[in-house]
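Q: Below is the file start21.cif, with mmCIF, C-alpha atoms and all ligand atoms.
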```cif
data_structure
loop_
_atom_site.label_atom_id
_atom_site.label_comp_id
_atom_site.auth_asym_id
_atom_site.auth_seq_id
_atom_site.Cartn_x
_atom_site.Cartn_y
_atom_site.Cartn_z
CA MET A 1 126.16 120.28 74.33
CA THR A 2 129.22 120.01 76.63
CA GLU A 3 132.91 119.43 75.89
CA SER A 4 133.65 117.99 79.37
CA VAL A 5 135.42 114.62 79.09
CA ALA A 6 133.53 113.13 82.04
CA GLU A 7 130.16 114.24 80.60
CA PHE A 8 131.11 112.96 77.14
CA TYR A 9 131.77 109.44 78.45
CA LYS A 10 128.88 109.52 80.91
CA GLU A 11 126.51 110.03 77.99
CA LEU A 12 128.25 107.37 75.89
CA ALA A 13 128.60 104.65 78.56
CA ASN A 14 125.48 102.66 77.61
CA ASP A 15 126.10 102.74 73.87
CA TYR A 16 129.92 102.73 73.85
CA HIS A 17 130.07 99.26 72.27
CA PHE A 18 128.34 100.66 69.13
CA ILE A 19 131.79 102.02 68.18
CA PHE A 20 132.66 98.43 67.27
CA ALA A 21 130.72 96.27 64.82
CA ASP A 22 131.20 93.44 67.35
CA TRP A 23 132.58 94.69 70.69
CA ARG A 24 133.10 91.21 72.23
CA LYS A 25 135.16 90.09 69.22
CA SER A 26 137.18 93.28 69.50
CA VAL A 27 137.83 92.60 73.21
CA LEU A 28 139.34 89.22 72.30
CA ARG A 29 141.29 90.49 69.27
CA GLN A 30 142.79 93.43 71.17
CA SER A 31 143.81 91.27 74.12
CA GLU A 32 145.57 88.83 71.78
CA ALA A 33 147.73 91.64 70.37
CA LEU A 34 148.36 93.21 73.80
CA ASP A 35 149.23 89.85 75.38
CA HIS A 36 151.71 89.20 72.57
CA LEU A 37 153.34 92.59 73.07
CA ILE A 38 153.49 92.30 76.87
CA ARG A 39 155.10 88.85 76.66
CA ALA A 40 157.55 90.09 74.01
CA GLN A 41 158.70 92.60 76.66
CA GLY A 42 159.65 89.69 78.94
CA LEU A 43 156.60 89.81 81.22
CA LYS A 44 154.47 86.76 81.91
CA VAL A 45 150.77 85.96 81.85
CA GLY A 46 149.59 86.56 85.41
CA ALA A 47 151.45 89.88 85.62
CA SER A 48 149.59 92.68 87.42
CA VAL A 49 148.06 95.29 85.10
CA LEU A 50 146.61 98.71 85.83
CA ASP A 51 144.37 99.82 82.95
CA CYS A 52 144.05 103.49 83.92
CA SER A 53 141.52 104.46 81.21
CA CYS A 54 139.56 101.21 81.17
CA GLY A 55 136.29 102.67 79.86
CA ILE A 56 133.73 99.87 79.59
CA GLY A 57 136.54 97.29 79.88
CA THR A 58 137.62 96.73 76.27
CA GLN A 59 141.25 95.90 77.16
CA ALA A 60 140.84 95.08 80.88
CA ILE A 61 138.35 92.24 80.30
CA GLY A 62 140.29 90.62 77.45
CA LEU A 63 143.53 90.67 79.46
CA ALA A 64 141.76 89.22 82.53
CA VAL A 65 140.32 86.43 80.34
CA ARG A 66 143.92 85.66 79.31
CA GLY A 67 145.05 85.34 82.94
CA TYR A 68 146.38 88.80 83.79
CA ASN A 69 145.64 90.23 87.21
CA VAL A 70 143.81 93.42 86.27
CA HIS A 71 142.78 96.58 88.13
CA GLY A 72 140.76 99.01 86.00
CA THR A 73 140.28 102.72 86.63
CA ASP A 74 138.74 105.53 84.61
CA LEU A 75 137.65 109.13 85.00
CA SER A 76 134.08 108.16 84.15
CA ALA A 77 132.17 106.48 87.01
CA GLU A 78 129.48 105.45 84.50
CA ALA A 79 132.02 103.73 82.23
CA VAL A 80 133.52 101.93 85.26
CA ALA A 81 130.05 100.76 86.38
CA ARG A 82 129.43 99.35 82.88
CA ALA A 83 132.91 97.70 82.90
CA GLN A 84 132.01 96.05 86.20
CA GLN A 85 128.82 94.59 84.69
CA GLU A 86 130.68 93.44 81.56
CA ALA A 87 133.38 91.75 83.69
CA GLU A 88 130.67 89.86 85.60
CA ARG A 89 129.05 88.86 82.31
CA ALA A 90 132.44 87.62 81.04
CA LYS A 91 132.95 85.79 84.38
CA VAL A 92 136.33 87.39 85.10
CA LYS A 93 137.56 88.89 88.34
CA ILE A 94 138.75 92.49 87.94
CA THR A 95 138.93 95.14 90.64
CA PHE A 96 137.85 98.65 89.68
CA GLY A 97 138.10 102.23 90.87
CA VAL A 98 137.34 105.73 89.61
CA SER A 99 140.31 108.04 89.04
CA ASP A 100 141.65 110.70 86.76
CA PHE A 101 144.93 109.32 85.42
CA ARG A 102 146.54 112.59 86.53
CA GLU A 103 145.75 111.55 90.13
CA LEU A 104 146.64 107.83 90.22
CA GLU A 105 149.30 108.31 92.89
CA ALA A 106 146.71 109.66 95.32
CA ASN A 107 143.81 107.40 94.32
CA VAL A 108 145.18 103.94 93.45
CA PRO A 109 147.00 101.84 96.06
CA GLY A 110 149.94 99.62 95.14
CA THR A 111 152.15 99.25 92.07
CA PHE A 112 151.84 97.10 88.95
CA ASP A 113 153.99 95.24 86.41
CA VAL A 114 152.13 96.97 83.55
CA VAL A 115 150.31 100.30 83.40
CA LEU A 116 148.33 100.78 80.21
CA SER A 117 146.04 103.34 78.63
CA CYS A 118 144.60 102.37 75.27
CA ASP A 119 142.50 103.74 72.43
CA ASN A 120 143.56 107.34 72.35
CA SER A 121 142.67 108.16 75.95
CA ILE A 122 145.73 110.40 76.40
CA ALA A 123 144.55 112.56 73.48
CA HIS A 124 142.04 113.98 75.96
CA LEU A 125 145.00 115.75 77.61
CA LEU A 126 145.30 119.12 75.92
CA THR A 127 148.54 120.58 77.35
CA GLU A 128 152.16 119.46 77.81
CA GLU A 129 151.75 120.03 81.58
CA ASP A 130 148.75 117.68 81.79
CA LEU A 131 150.47 115.04 79.64
CA GLU A 132 153.55 115.11 81.88
CA LEU A 133 151.40 115.02 85.02
CA ALA A 134 149.52 111.94 83.73
CA LEU A 135 152.77 110.18 82.74
CA HIS A 136 154.30 111.01 86.12
CA ASN A 137 151.28 109.41 87.83
CA MET A 138 151.41 106.33 85.57
CA ARG A 139 155.15 105.96 86.28
CA ALA A 140 154.45 106.18 90.01
CA LYS A 141 152.20 103.09 89.71
CA LEU A 142 154.90 100.90 88.05
CA ASN A 143 156.93 98.24 89.80
CA PRO A 144 160.73 98.48 89.24
CA GLY A 145 161.35 97.30 85.65
CA GLY A 146 157.64 97.82 84.90
CA LEU A 147 156.12 98.48 81.48
CA LEU A 148 154.09 101.52 80.44
CA LEU A 149 151.96 100.95 77.32
CA LEU A 150 149.93 103.67 75.57
CA SER A 151 147.97 103.47 72.32
CA LEU A 152 146.82 106.46 70.33
CA ARG A 153 145.77 107.43 66.84
CA ASP A 154 148.47 107.99 64.21
CA TYR A 155 148.38 111.77 64.48
CA ASP A 156 151.68 112.20 62.59
CA THR A 157 149.73 111.11 59.50
CA LEU A 158 146.31 112.54 60.43
CA ILE A 159 147.67 116.05 61.05
CA LYS A 160 148.79 116.19 57.40
CA GLU A 161 145.40 115.11 56.06
CA LYS A 162 143.15 116.72 58.70
CA PRO A 163 140.23 114.38 57.95
CA GLN A 164 136.79 115.81 58.62
CA SER A 165 135.18 112.53 59.61
CA THR A 166 135.59 108.84 60.36
CA LEU A 167 133.92 106.07 58.37
CA PRO A 168 130.55 104.98 59.76
CA VAL A 169 130.36 101.75 61.76
CA VAL A 170 127.05 100.11 60.82
CA ALA A 171 125.73 97.12 62.75
CA ASP A 172 122.46 95.22 62.90
CA ARG A 173 121.58 94.63 66.54
CA GLU A 174 118.65 93.18 68.44
CA MET A 175 116.99 96.58 68.81
CA GLY A 176 117.61 97.47 65.14
CA ARG A 177 120.46 99.08 63.25
CA SER A 178 123.11 101.30 64.85
CA ILE A 179 125.34 103.75 62.98
CA VAL A 180 128.26 105.54 64.63
CA PHE A 181 130.66 108.06 63.11
CA GLN A 182 132.65 111.12 64.15
CA VAL A 183 132.95 114.58 62.59
CA TRP A 184 136.18 116.44 63.43
CA ASP A 185 136.43 120.25 63.53
CA TRP A 186 140.14 121.11 63.42
CA ALA A 187 141.50 124.13 65.29
CA GLU A 188 143.23 126.71 63.10
CA ASP A 189 146.69 125.72 64.39
CA GLY A 190 145.94 122.09 63.45
CA ARG A 191 147.04 120.79 66.87
CA SER A 192 143.64 119.89 68.26
CA TYR A 193 140.11 119.24 67.06
CA ARG A 194 136.59 119.05 68.38
CA LEU A 195 135.31 115.51 68.05
CA ASN A 196 131.56 115.30 67.40
CA HIS A 197 130.44 111.75 68.05
CA PHE A 198 127.20 110.83 66.27
CA THR A 199 125.13 107.83 67.37
CA LEU A 200 122.11 106.84 65.28
CA LYS A 201 119.82 104.14 66.65
CA GLN A 202 116.97 102.57 64.75
CA GLN A 203 113.84 102.14 66.81
CA ASP A 204 110.88 100.56 65.03
CA ASN A 205 110.70 102.65 61.86
CA ASP A 206 112.25 105.71 63.40
CA TRP A 207 115.80 106.93 64.08
CA GLN A 208 117.09 108.37 67.33
CA THR A 209 120.16 110.60 66.88
CA SER A 210 122.53 111.88 69.57
CA VAL A 211 125.68 113.97 69.27
CA ASN A 212 128.36 114.30 71.96
CA SER A 213 131.40 116.53 71.66
CA THR A 214 134.80 116.81 73.27
CA ARG A 215 138.19 118.30 72.35
CA LEU A 216 141.24 116.15 71.57
CA ARG A 217 144.91 116.98 71.08
CA ALA A 218 146.62 115.53 67.99
CA TRP A 219 149.80 114.51 69.85
CA GLN A 220 152.78 113.93 67.56
CA ARG A 221 155.01 110.96 68.32
CA ALA A 222 157.99 113.25 69.00
CA GLU A 223 155.94 115.12 71.64
CA ILE A 224 155.00 111.86 73.39
CA GLU A 225 158.65 110.71 73.28
CA ALA A 226 159.81 113.99 74.84
CA ALA A 227 157.22 113.74 77.62
CA LEU A 228 158.17 110.11 78.34
CA ALA A 229 161.85 111.06 78.51
CA ALA A 230 161.01 113.95 80.87
CA THR A 231 159.18 111.43 83.08
CA GLY A 232 162.37 109.38 83.42
CA LEU A 233 161.17 106.29 81.53
CA HIS A 234 163.53 104.58 79.11
CA ASN A 235 163.51 102.14 76.14
CA VAL A 236 160.81 104.23 74.46
CA THR A 237 159.65 102.15 71.47
CA TRP A 238 156.86 102.59 68.92
CA HIS A 239 154.98 99.53 67.68
CA MET A 240 153.21 100.49 64.47
CA PRO A 241 150.09 98.62 63.34
CA ASP A 242 150.24 95.84 60.79
CA ASP A 243 147.86 93.01 59.99
CA GLU A 244 148.99 90.92 62.96
CA SER A 245 149.24 93.59 65.60
CA TYR A 246 147.19 96.16 67.52
CA TYR A 247 145.08 98.48 65.36
CA GLN A 248 146.69 101.71 66.65
CA PRO A 249 150.30 102.79 67.16
CA ILE A 250 151.46 101.72 70.62
CA VAL A 251 154.34 103.26 72.55
CA THR A 252 156.04 101.26 75.29
CA ALA A 253 158.54 102.51 77.87
CA ARG A 254 160.22 100.93 80.89
CA LEU A 255 161.00 101.94 84.44
CA THR A 256 164.53 101.13 85.57
CA ASP A 257 164.89 97.92 87.62
C1 LIG B 301 138.26 106.30 73.76
S1 LIG B 301 137.88 105.79 75.38
C2 LIG B 301 138.76 104.28 75.53
C3 LIG B 301 138.27 103.42 76.67
C4 LIG B 301 138.85 102.01 76.67
N1 LIG B 301 140.27 102.00 76.85
C5 LIG B 301 138.43 101.31 75.40
O1 LIG B 301 139.28 101.09 74.52
O2 LIG B 301 137.25 100.98 75.27
C6 LIG B 301 138.83 106.90 76.35
C7 LIG B 301 138.69 106.68 77.85
O3 LIG B 301 139.62 107.53 78.52
C8 LIG B 301 139.01 108.00 79.70
N2 LIG B 301 139.70 109.22 80.12
C9 LIG B 301 139.80 110.39 79.46
N3 LIG B 301 140.50 111.27 80.18
C10 LIG B 301 140.85 110.63 81.33
C11 LIG B 301 141.58 111.01 82.49
N4 LIG B 301 142.07 112.25 82.62
N5 LIG B 301 141.76 110.09 83.45
C12 LIG B 301 141.27 108.83 83.33
N6 LIG B 301 140.55 108.42 82.27
C13 LIG B 301 140.35 109.31 81.27
C14 LIG B 301 137.57 108.23 79.30
O4 LIG B 301 136.71 108.33 80.42
C15 LIG B 301 137.32 107.02 78.40
O5 LIG B 301 136.80 105.92 79.12
#
```
Do you think you could lay out the structure here as C-alpha cells?
Ligand SMILES: C[S@@+](CC[C@H](N)C(=O)[O-])C[C@H]1O[C@@H](n2cnc3c(N)ncnc32)[C@H](O)[C@@H]1O
A:
Amino acid sequence: MTESVAEFYKELANDYHFIFADWRKSVLRQSEALDHLIRAQGLKVGASVLDCSCGIGTQAIGLAVRGYNVHGTDLSAEAVARAQQEAERAKVKITFGVSDFRELEANVPGTFDVVLSCDNSIAHLLTEEDLELALHNMRAKLNPGGLLLLSLRDYDTLIKEKPQSTLPVVADREMGRSIVFQVWDWAEDGRSYRLNHFTLKQQDNDWQTSVNSTRLRAWQRAEIEAALAATGLHNVTWHMPDDESYYQPIVTARLTD
C-alpha cells in the first residue's frame, strides 16, 4: 500500500466514476452550479478555463459542454488519459496536459480567465509552504481580473466531528454492483487524516475488493483565506452549499485588473 498521491490516482483512474452513483449526471449538475457561479462573477460563457486538477474530467467536460474554452491538467497522467477519452466520448474539445499544480508556471503556457481546482484536490497539500506554492502557481496562470475558484470539504465542521468513514455509494452497473466508501484515520493533532478508499466490485457471484490510501490535510477556511491573501489575491469569498448550489464549499478570489 502506498500513500503517494500520483499512485493513489493512478490506481483509481479506471474506477474513479464509481465515487458517483451516476458520474455523467454529476458532470452536468456540477457544471450547472459552476457556470452559474462563474457568470455571477461577471465572466461570460466562452471564457478560458484552466482546470488544474481535472482528474477524469468531472468539471472540465461539463464546462466545455456549456461552451467554456477548457484546458485540463492533473498530476496523474492516467487520470488525464481517461479525461481525454471521456472528452472524446462527450464530443467536446478540451486540451490536456500533465502537471503538478505547484509547477503550473513552468509547465502550462498562457493565462486564463478562470483557474479552478475542485473536489478537495488542494487537501492533498500537507504544508502551508506547499499550499502557498500551489496558489502562487495558480495566480500566475490568471489573466488580469481573473477568477480563482477552489472547492474543498467543509473541514471547519468535519474537524469537530472527526468522522471515521463516509457513507457508501452503491450502484448497479453493467458488470454488477459497485460499492465505494472511505475510512478516515485521523492524526493525533486532528489536522490531517489517512484516507483509505475502498472499492468493492461484484463479478459474477464474487466480490473484488481494493483499498488505496493517501494522506489529506483538513484545511480550515481561515488557513485558506490567509494563504490566498499571502498570494496577493483579493475579494476572497466563500460560497457555502445549499440545495441550488455546488455540493462543497467553494472559495473564489480575484486577481487585480
Ligand atoms: C478528488 S480528485 C478530483 C478530480 C476532479 N476534479 C474531479 O472532481 O473528478 C483530486 C485530483 O487532484 C489531483 N491532484 C492532487 N494533487 C495534485 C497536485 N499537486 N497537482 C495537480 N493535481 C493534483 C489528483 O491527481 C486528482 O485527480
Q: When distances are computed from only C-alpha atoms and all ligand atoms, which of A:Leu135, A:Leu12, A:Leu200, A:Leu75 shows the smallest separation from ligand LIG 301 (chain B)?
A: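 Going through A:Leu135, A:Leu12, A:Leu200, A:Leu75 one by one, the smallest distance to ligand LIG 301 (chain B) is for A:Leu75.
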Q: Give me the residues within 12 Å of Tyr246 in chain A as a VMD selection string, counting all atoms listed in the file and dropping any in the same chain fewer than 6 places off.
A: chain A and resid 26 to 38 59 118 to 119 149 to 153 238 to 240
Q: Taking into account only C-alpha atoms and all ligand atoms, which residue in the set A:Val114, A:Leu233, A:Ile250, A:Ile19 is nearest to ligand LIG 301 (chain B)?
A: A:Ile19
Q: Would you write out, as CSV, a table of all residues in chain A that have an atom no more than 8 Å from an atom of ligand LIG 301 (chain B), listing for each the closest atom pair and the distance in Å to one decimal, considering all atoms listed in the file and ordering rows by chain and rising residue number?
A:
```
residue,atom,partner,partner_atom,distance
A:Val5,CA,B:LIG301,C9,6.1
A:Ala6,CA,B:LIG301,O4,6.0
A:Phe8,CA,B:LIG301,O4,8.0
A:Tyr9,CA,B:LIG301,O4,5.4
A:Lys10,CA,B:LIG301,O4,7.9
A:Tyr16,CA,B:LIG301,O2,7.7
A:His17,CA,B:LIG301,O2,8.0
A:Asp51,CA,B:LIG301,N1,7.7
A:Cys52,CA,B:LIG301,C12,6.0
A:Ser53,CA,B:LIG301,N6,4.2
A:Cys54,CA,B:LIG301,N1,4.4
A:Gly55,CA,B:LIG301,O5,3.4
A:Ile56,CA,B:LIG301,O2,5.7
A:Gly57,CA,B:LIG301,O2,5.9
A:Thr58,CA,B:LIG301,O2,4.4
A:Gln59,CA,B:LIG301,O1,6.1
A:Thr73,CA,B:LIG301,C12,7.0
A:Asp74,CA,B:LIG301,N6,4.1
A:Leu75,CA,B:LIG301,C12,4.0
A:Ser76,CA,B:LIG301,O4,4.6
A:Ala79,CA,B:LIG301,O5,6.1
A:Ser99,CA,B:LIG301,C12,5.8
A:Asp100,CA,B:LIG301,N5,3.4
A:Phe101,CA,B:LIG301,N5,3.8
A:Arg102,CA,B:LIG301,N4,5.9
A:Glu103,CA,B:LIG301,N5,7.9
A:Ser117,CA,B:LIG301,N1,6.2
A:Cys118,CA,B:LIG301,N1,4.6
A:Asp119,CA,B:LIG301,O1,4.7
A:Asn120,CA,B:LIG301,C1,5.6
A:Ser121,CA,B:LIG301,O3,4.0
A:Ile122,CA,B:LIG301,N3,6.5
A:Ala123,CA,B:LIG301,N3,7.9
A:His124,CA,B:LIG301,N3,5.2
A:Leu125,CA,B:LIG301,N4,6.8
A:Ala134,CA,B:LIG301,N4,7.5
```
Q: With range 201-208 of chain A as the partner and 9 Å as the cut-off, tabulate the residues of range 162-194 of chain A that qualify, each row holding the nearest pair of atoms and their distance in Å to one decimal, using all atoms listed in the file, sorted by chain and rising number, as JSON lines.
A:
```
{"residue": "A:Met175", "atom": "CA", "partner": "A:Gln203", "partner_atom": "CA", "distance": 6.7}
{"residue": "A:Gly176", "atom": "CA", "partner": "A:Gln202", "partner_atom": "CA", "distance": 5.2}
{"residue": "A:Arg177", "atom": "CA", "partner": "A:Gln202", "partner_atom": "CA", "distance": 5.2}
{"residue": "A:Ser178", "atom": "CA", "partner": "A:Lys201", "partner_atom": "CA", "distance": 4.7}
{"residue": "A:Ile179", "atom": "CA", "partner": "A:Lys201", "partner_atom": "CA", "distance": 6.6}
{"residue": "A:Val180", "atom": "CA", "partner": "A:Lys201", "partner_atom": "CA", "distance": 8.8}
```
Q: Between A:Gln220, A:Ser245, A:Thr237, A:Thr231, which is the closest to Leu133 in chain A once you count only C-alpha atoms?
A: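 Distance minimum relative to Leu133 in chain A lands on A:Thr231.
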Q: Between CA of Val170 in chain A and CA of Phe198 in chain A, what is the distance, to one decimal in Å?
A: 12.0 Å
Q: Applying 10 Å and only C-alpha atoms, which residues near Asn196 in chain A remain after dropping the ones on its own chain fewer than 3 positions away? List them as JSON, numbers by chain.
A: {"A": [3, 165, 181, 182, 183, 184, 185, 193, 199, 210, 211, 212, 213, 214, 215]}
Q: Any idea what the distance is between CA of Ala106 in chain A and CA of Thr127 in chain A?
A: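 One can read the CA of Ala106 in chain A to CA of Thr127 in chain A distance as 21.1 Å.
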Q: Provide the CA of Ala253 in chain A to CA of Asn69 in chain A distance in Å, to one decimal place.
A: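 Computed distance, CA of Ala253 in chain A to CA of Asn69 in chain A, equals 20.1 Å.
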